[in-house]
Amino acid sequence: MKTITLTINGEHVSCTEGSSLLEAAQGHGIKIPTLCHHHSLKPVGACRMCLVEDEKTGRIIASCVTPAAQKMSVLTESPRVLKHRRNIVRLMMAEHPESCIICSKGNRCSLRQYAAELGIGETGLYPIPNYRNIEQANPFIQRDLTKCILCGKCIRADHELVVTGAIDYNMRGFDSRPSTLFDRPLEKSTCTFCGTCLSICPTGALSPVSIFVGTPEKEKLSFCGFCGVGCRLSLGISDNQVVEVNPAHIKKSVNDAALCVRGHFGHDFLNVKQRMTKPMIKKDGSLSSVSWAEAIELVADRLTQIKDKHGPDSIAFLGSSKCANEENYLFQKLARIGFKTNNIDNGGYISGRLMLDLIDTRTDPGRRFNFFAGTLSGLEMAEVIFIAGADPSHSIPVAGYYLKRSVKNGTPVIVADPRKTEMAGLASVWLRLKPGSDLELINALSALIYRKNVYADSFIKRFTRGFEKYSESLSSYDLDRAARITGISIQEMERAADLLVGKKIAFMVGDGIIKNRYGMETGEAFLNLALMTGSIGYGGAGFHFPAKENNQVGAWDMGTVPDKLPGRQPLNDSLSRTSWEKLWGGEIPHEVGLDLCGMIEAAEQAKLKALYIMGENPLRSLPDRQRVLNALEKIDFIVVQDILNNETSKLADAVLPGAAFCEKKGTFTNMEGRLRSVSAVVEPPGDAKSDFEIIGLVAEKCGHTSLKCSVESIREELSKRIPMYEKGRSNFHPVWIKEAIDSDPAEEDDRERLISFSQVVTADEEEADKEYLFTAIIGSKRCHLGSGTRTGYSPRIKAFNFSDAIEISEQDSKDFGISDGNKVRLVSRNGAIEREVCVKKNIGRGMVFVPAAFNGNDAGLLIRLTKLFDSTSEGWNCCPVKLEKI
């Protein structure tokens, strides 16, 4: 863009054409005060604090809304400007209550700061009291609108960043204030309690409800410990505890000024009494606190004894999609080199790792293309967005903000979901398919695009193979059968297909596909559709998979899986294996190990004698809890290394207290593939240690002294085999996975590496179950993450009492005589749960929605534990049920 020059306070500065005077000044470190401005919001010039004087014309102008012009000359602190600023602050203070001493905003109040800088103590004006009642009906946000200065930042953040529309200006003149529709309480509005409004408020008008009162001693940067978006946080610290969480407001970070309810208020679990603070071992049937030396000695001795007696395959290691990259790397290295086993997996098995692996393995052996769409900001550049089996507004809310902004900007969106989710209500086309029928829908859309002869022919010819055979299957594909199975008319499918024609697609594929009975086949069908439309290697196009854990991608990258070495290198590739063996100085077993489900099956058969669990709670997170419990009870020795006392830790023979994300050093990889480097902002509680240190102690006691090392040495080791790791760690916004190609891939000519189409696979057409008349859909709510272990311990999340009610349709409510608040028993062939009912318009007849993570994640009782992405799988996201009124 064109650069212009101007003068500010006699200093020559330059900026890009179109920049405001405020941006030009800030870009050169020249401070101009402002109360209503934020870099992520559109400027409105409401507060007038940013006034500057144009030296040539003498005009006083608002710098935030005035474009900088060539050879312009302005003053930011002329006598006239300062006089106006003082008067503005005096008028605001005349209406403001004199409560600075007890205000939770304290010295962080922008109005107070500017008053001090301008030398204003007393206003010299008559007080203009504008008293409002303090509203604190929910455990998240307190509203004291007596302190509101009408800057509008909360309203604009709600409309522009979060795109919820829960609040707007209400009333006029002196009575004007931000309010919900009809001035209802926040908890009865569309507010999601993301907390963006309170973190952006310049005064104490909006403040968090917290046990801690006042201003934290210090603030430090970190990253969110919940989902895989990887939001940047500013943590308020007092007495070695995290007492406040806010977005870091860093320009171009993934979240900037926004968070979700979990990220803002769910980190209470860091300070709860259920934190593990001392090592424990089982004595006489119960866990007792011991020294670290005694606990480590027991763990090392028992694991070594079991290996010597029963062989390496009798031991399994369950790593963590929540622990740092370096910790996962060292964990799998201990398993492979120390205990000679590939029985390694992590919690990512539950939340999408198999789909990531399918795409990574199936596409482009030469890695010239990247099917992963990369940054979430690319969604706002997408030509069309296809959301299938995902409810991002609840599972990964900050990504949902990007999607809603895309809709607001005019991007067409297709949503395939049995329920009318928040995104379905905003979609250009909502495909209300029957649960589990996604495979037939994607095949049908591909067939329609093929028959319309509007596929990416040049791309297909140049970069793919097998299209001829694939197209033969599409030409004979039975669209009437697909319409029957999916419940969607051919006309509606054609509407969706027409939106995809000639566009590069950004896909967001969630649990509805990943945990589907036909998850693998549906993933293949999506890949075929991406190839047909050439949706690879272009900005904004490709696949997004909602990662429910903060290091789901990183644990996979680090080789904490049974069939891959670090860097996603296949275990069965002899060259990769030999290279790692040379680096590690030991032989790596050749056979693919047990995945998470395989570990449970091996335990049932008494083949698994020892299980080392780091940062996972399988007894709560896996379906079919009684079966999992029975299997775990058959294992001779269980080690649990975690931060919270949980269902699985109660079964352990040894408990090792670990450190949370903000209590240790390491890197995490978000769902975009970006590395996030963190350092400890507080010390772990009690005698807890970082997981990295604990693994090193166990390894050293087992005789593998080389594994007791530093985080820096692991980073250096990784860099020797995976140069992208070092490159990524050193950049501000590093990318671990290969970035999408910005140039046209058709410019490259390499015929040796072609991507194969997979063959069309169809789902079985099943008859309706006459006994189990309903289909239960299990899904997330924004208050909980995964199985709810951490959020379940957060006092504010619990205090709000988010509804766990089973949702049924209005028609089913009438037919079965069930009303809001009635208690029902939901029975499947595997188990039963009891909850209250909520009648909803957003769900179709014959379906019920069961929120996961509540009541100890009892929704998993309905599902039978079967391997995902396996021909025998029944899926984990839905099942036939019957409804019994209690």
# chains A, B, ... in the order shown; residues from 1 in each chain; ligands from 1
$ select_by_dssp --residues "stretch 629-745 of chain A" --states "strand (DSSP E or B)" --output "VMD selection string"
chain A and resid 637 to 642 644 654 to 657 666 to 669 675 to 678
$ write_last_selection --atoms "N, CA, C and O atoms" --output "PDB file, in the first residue's frame"
ATOM      1  N   PHE A 637      -1.116 -52.685  38.044  1.00  0.00           N
ATOM      2  CA  PHE A 637      -0.479 -51.469  38.556  1.00  0.00           C
ATOM      3  C   PHE A 637      -0.841 -50.289  37.662  1.00  0.00           C
ATOM      4  O   PHE A 637      -0.585 -50.308  36.453  1.00  0.00           O
ATOM      5  N   ILE A 638      -1.453 -49.283  38.275  1.00  0.00           N
ATOM      6  CA  ILE A 638      -1.855 -48.071  37.544  1.00  0.00           C
ATOM      7  C   ILE A 638      -1.174 -46.862  38.161  1.00  0.00           C
ATOM      8  O   ILE A 638      -1.230 -46.662  39.381  1.00  0.00           O
ATOM      9  N   VAL A 639      -0.531 -46.070  37.311  1.00  0.00           N
ATOM     10  CA  VAL A 639       0.057 -44.795  37.728  1.00  0.00           C
ATOM     11  C   VAL A 639      -0.784 -43.679  37.124  1.00  0.00           C
ATOM     12  O   VAL A 639      -1.055 -43.694  35.919  1.00  0.00           O
ATOM     13  N   VAL A 640      -1.210 -42.744  37.950  1.00  0.00           N
ATOM     14  CA  VAL A 640      -1.943 -41.573  37.455  1.00  0.00           C
ATOM     15  C   VAL A 640      -1.144 -40.323  37.803  1.00  0.00           C
ATOM     16  O   VAL A 640      -0.843 -40.065  38.967  1.00  0.00           O
ATOM     17  N   GLN A 641      -0.803 -39.569  36.784  1.00  0.00           N
ATOM     18  CA  GLN A 641      -0.057 -38.315  36.931  1.00  0.00           C
ATOM     19  C   GLN A 641      -0.976 -37.199  36.453  1.00  0.00           C
ATOM     20  O   GLN A 641      -1.255 -37.088  35.261  1.00  0.00           O
ATOM     21  N   ASP A 642      -1.493 -36.398  37.371  1.00  0.00           N
ATOM     22  CA  ASP A 642      -2.528 -35.432  36.996  1.00  0.00           C
ATOM     23  C   ASP A 642      -2.524 -34.263  37.965  1.00  0.00           C
ATOM     24  O   ASP A 642      -1.769 -34.250  38.943  1.00  0.00           O
ATOM     25  N   LEU A 644      -5.691 -32.902  39.137  1.00  0.00           N
ATOM     26  CA  LEU A 644      -6.919 -32.926  39.930  1.00  0.00           C
ATOM     27  C   LEU A 644      -7.252 -34.342  40.388  1.00  0.00           C
ATOM     28  O   LEU A 644      -7.040 -35.308  39.653  1.00  0.00           O
ATOM     29  N   ALA A 654      -0.476 -45.556  42.333  1.00  0.00           N
ATOM     30  CA  ALA A 654       0.442 -44.454  42.618  1.00  0.00           C
ATOM     31  C   ALA A 654      -0.093 -43.200  41.944  1.00  0.00           C
ATOM     32  O   ALA A 654      -0.507 -43.246  40.777  1.00  0.00           O
ATOM     33  N   VAL A 655      -0.099 -42.088  42.681  1.00  0.00           N
ATOM     34  CA  VAL A 655      -0.581 -40.812  42.160  1.00  0.00           C
ATOM     35  C   VAL A 655       0.562 -39.806  42.235  1.00  0.00           C
ATOM     36  O   VAL A 655       1.155 -39.597  43.296  1.00  0.00           O
ATOM     37  N   LEU A 656       0.861 -39.188  41.088  1.00  0.00           N
ATOM     38  CA  LEU A 656       1.952 -38.218  41.012  1.00  0.00           C
ATOM     39  C   LEU A 656       1.357 -36.859  40.655  1.00  0.00           C
ATOM     40  O   LEU A 656       0.787 -36.699  39.567  1.00  0.00           O
ATOM     41  N   PRO A 657       1.438 -35.863  41.545  1.00  0.00           N
ATOM     42  CA  PRO A 657       0.807 -34.560  41.287  1.00  0.00           C
ATOM     43  C   PRO A 657       1.578 -33.729  40.269  1.00  0.00           C
ATOM     44  O   PRO A 657       2.751 -33.397  40.476  1.00  0.00           O
ATOM     45  N   GLY A 666       7.020 -24.830  28.551  1.00  0.00           N
ATOM     46  CA  GLY A 666       6.809 -25.756  27.446  1.00  0.00           C
ATOM     47  C   GLY A 666       6.149 -25.091  26.268  1.00  0.00           C
ATOM     48  O   GLY A 666       5.925 -23.870  26.252  1.00  0.00           O
ATOM     49  N   THR A 667       5.835 -25.883  25.257  1.00  0.00           N
ATOM     50  CA  THR A 667       5.116 -25.385  24.090  1.00  0.00           C
ATOM     51  C   THR A 667       3.862 -26.216  23.867  1.00  0.00           C
ATOM     52  O   THR A 667       3.823 -27.405  24.187  1.00  0.00           O
ATOM     53  N   PHE A 668       2.846 -25.571  23.337  1.00  0.00           N
ATOM     54  CA  PHE A 668       1.590 -26.220  22.987  1.00  0.00           C
ATOM     55  C   PHE A 668       1.285 -25.879  21.524  1.00  0.00           C
ATOM     56  O   PHE A 668       1.664 -24.810  21.046  1.00  0.00           O
ATOM     57  N   THR A 669       0.597 -26.754  20.833  1.00  0.00           N
ATOM     58  CA  THR A 669       0.265 -26.528  19.424  1.00  0.00           C
ATOM     59  C   THR A 669      -1.244 -26.425  19.276  1.00  0.00           C
ATOM     60  O   THR A 669      -1.968 -27.357  19.629  1.00  0.00           O
ATOM     61  N   LEU A 675       2.604 -23.001  17.189  1.00  0.00           N
ATOM     62  CA  LEU A 675       3.235 -23.287  18.475  1.00  0.00           C
ATOM     63  C   LEU A 675       2.996 -22.138  19.450  1.00  0.00           C
ATOM     64  O   LEU A 675       3.131 -20.973  19.083  1.00  0.00           O
ATOM     65  N   ARG A 676       2.660 -22.491  20.682  1.00  0.00           N
ATOM     66  CA  ARG A 676       2.459 -21.508  21.745  1.00  0.00           C
ATOM     67  C   ARG A 676       3.459 -21.801  22.857  1.00  0.00           C
ATOM     68  O   ARG A 676       3.382 -22.841  23.505  1.00  0.00           O
ATOM     69  N   SER A 677       4.393 -20.901  23.067  1.00  0.00           N
ATOM     70  CA  SER A 677       5.418 -21.102  24.085  1.00  0.00           C
ATOM     71  C   SER A 677       4.978 -20.462  25.400  1.00  0.00           C
ATOM     72  O   SER A 677       4.560 -19.306  25.428  1.00  0.00           O
ATOM     73  N   VAL A 678       5.021 -21.247  26.480  1.00  0.00           N
ATOM     74  CA  VAL A 678       4.590 -20.748  27.777  1.00  0.00           C
ATOM     75  C   VAL A 678       5.710 -20.914  28.806  1.00  0.00           C
ATOM     76  O   VAL A 678       6.606 -21.735  28.643  1.00  0.00           O
TER      77      VAL A 678
END
$ select_by_dssp --residues "stretch 107-283 of chain A" --states "helix (DSSP H, G or I)" --output "VMD selection string"
chain A and resid 107 to 108 110 to 117 145 to 147 153 to 161 173 to 175 181 to 183 186 to 188 196 to 200 261 to 271
$ residues_around --residues "A:Ile128" --least-positions-apart "3" --cutoff "8 Å" --atoms "only C-alpha atoms" --output "ChimeraX atom specification"
/A:94-96
$ atom_distance --atom1 "atom CA of A:Thr522" --atom2 "atom CA of A:Asp357"
14.0 Å
$ residues_around --residues "A:Lys278" --least-positions-apart "2" --cutoff "8 Å" --atoms "only C-alpha atoms" --output "short mmCIF file (atom, residue, chain, number, x, y, z; two decimals) with C-alpha atoms, in the first residue's frame"
data_model
loop_
_atom_site.label_atom_id
_atom_site.label_comp_id
_atom_site.auth_asym_id
_atom_site.auth_seq_id
_atom_site.Cartn_x
_atom_site.Cartn_y
_atom_site.Cartn_z
CA MET A 276 -3.28 -32.87 43.85
CA MET A 280 0.38 -40.81 47.03
CA SER A 289 0.69 -39.30 51.04
CA VAL A 290 4.37 -40.18 50.74
CA SER A 291 7.61 -38.50 49.74
CA LEU A 656 1.95 -38.22 41.01
CA PRO A 657 0.81 -34.56 41.29
CA GLY A 686 2.23 -27.93 47.42
CA ASP A 687 4.78 -30.50 46.34
CA ALA A 688 3.45 -30.82 42.78
#
$ closest_residue --among "A:Gln759, A:Asp653, A:Ala859, A:Ile808" --to "A:Ser286" --atoms "only C-alpha atoms"
A:Asp653
$ residues_around --residues "stretch 542-558 of chain A" --least-positions-apart "3" --cutoff "8 Å" --atoms "only C-alpha atoms" --output "ChimeraX atom specification"
/A:224-230,319-326,328-329,332,346-348,351-353,356,370-374,390,392,395-396,505-510,530,535-538,561,565-568,668-673,785-786
$ residues_around --residues "stretch 257-268 of chain A" --least-positions-apart "3" --cutoff "9 Å" --atoms "only C-alpha atoms" --output "PyMOL selection string"
chain A and resi 38+40+140+157+161-162+192-197+199-200+208+224-227+231-233+242-251+253+271-272+396-398+401+782-785+790-797
$ residues_around --residues "A:Gly124" --least-positions-apart "2" --cutoff "10 Å" --atoms "only C-alpha atoms" --output "mmCIF file with C-alpha atoms, in the first residue's frame"
data_model
loop_
_atom_site.group_PDB
_atom_site.id
_atom_site.type_symbol
_atom_site.label_atom_id
_atom_site.label_comp_id
_atom_site.auth_asym_id
_atom_site.auth_seq_id
_atom_site.Cartn_x
_atom_site.Cartn_y
_atom_site.Cartn_z
ATOM 1 C CA ARG A 90 -14.408 16.745 34.328
ATOM 2 C CA LEU A 91 -17.852 16.211 32.839
ATOM 3 C CA ALA A 94 -19.155 14.870 37.596
ATOM 4 C CA ILE A 120 -7.747 16.641 37.739
ATOM 5 C CA GLY A 121 -8.609 15.991 41.388
ATOM 6 C CA GLU A 122 -11.870 17.835 41.899
ATOM 7 C CA TYR A 126 -21.953 20.353 40.377
ATOM 8 C CA PRO A 127 -22.285 16.558 40.831
#
$ closest_residue --among "A:Ile460, A:Ser758, A:Tyr349, A:Ile778" --to "A:Lys867" --atoms "only C-alpha atoms"
A:Tyr349
$ closest_residue --among "A:Ile863, A:Val711, A:Leu883, A:Ala496" --to "A:Asn516" --atoms "only C-alpha atoms"
A:Ile863
$ closest_residue --among "A:Ile694, A:Ile8, A:Leu479, A:Leu594" --to "A:Thr341" --atoms "only C-alpha atoms"
A:Leu594
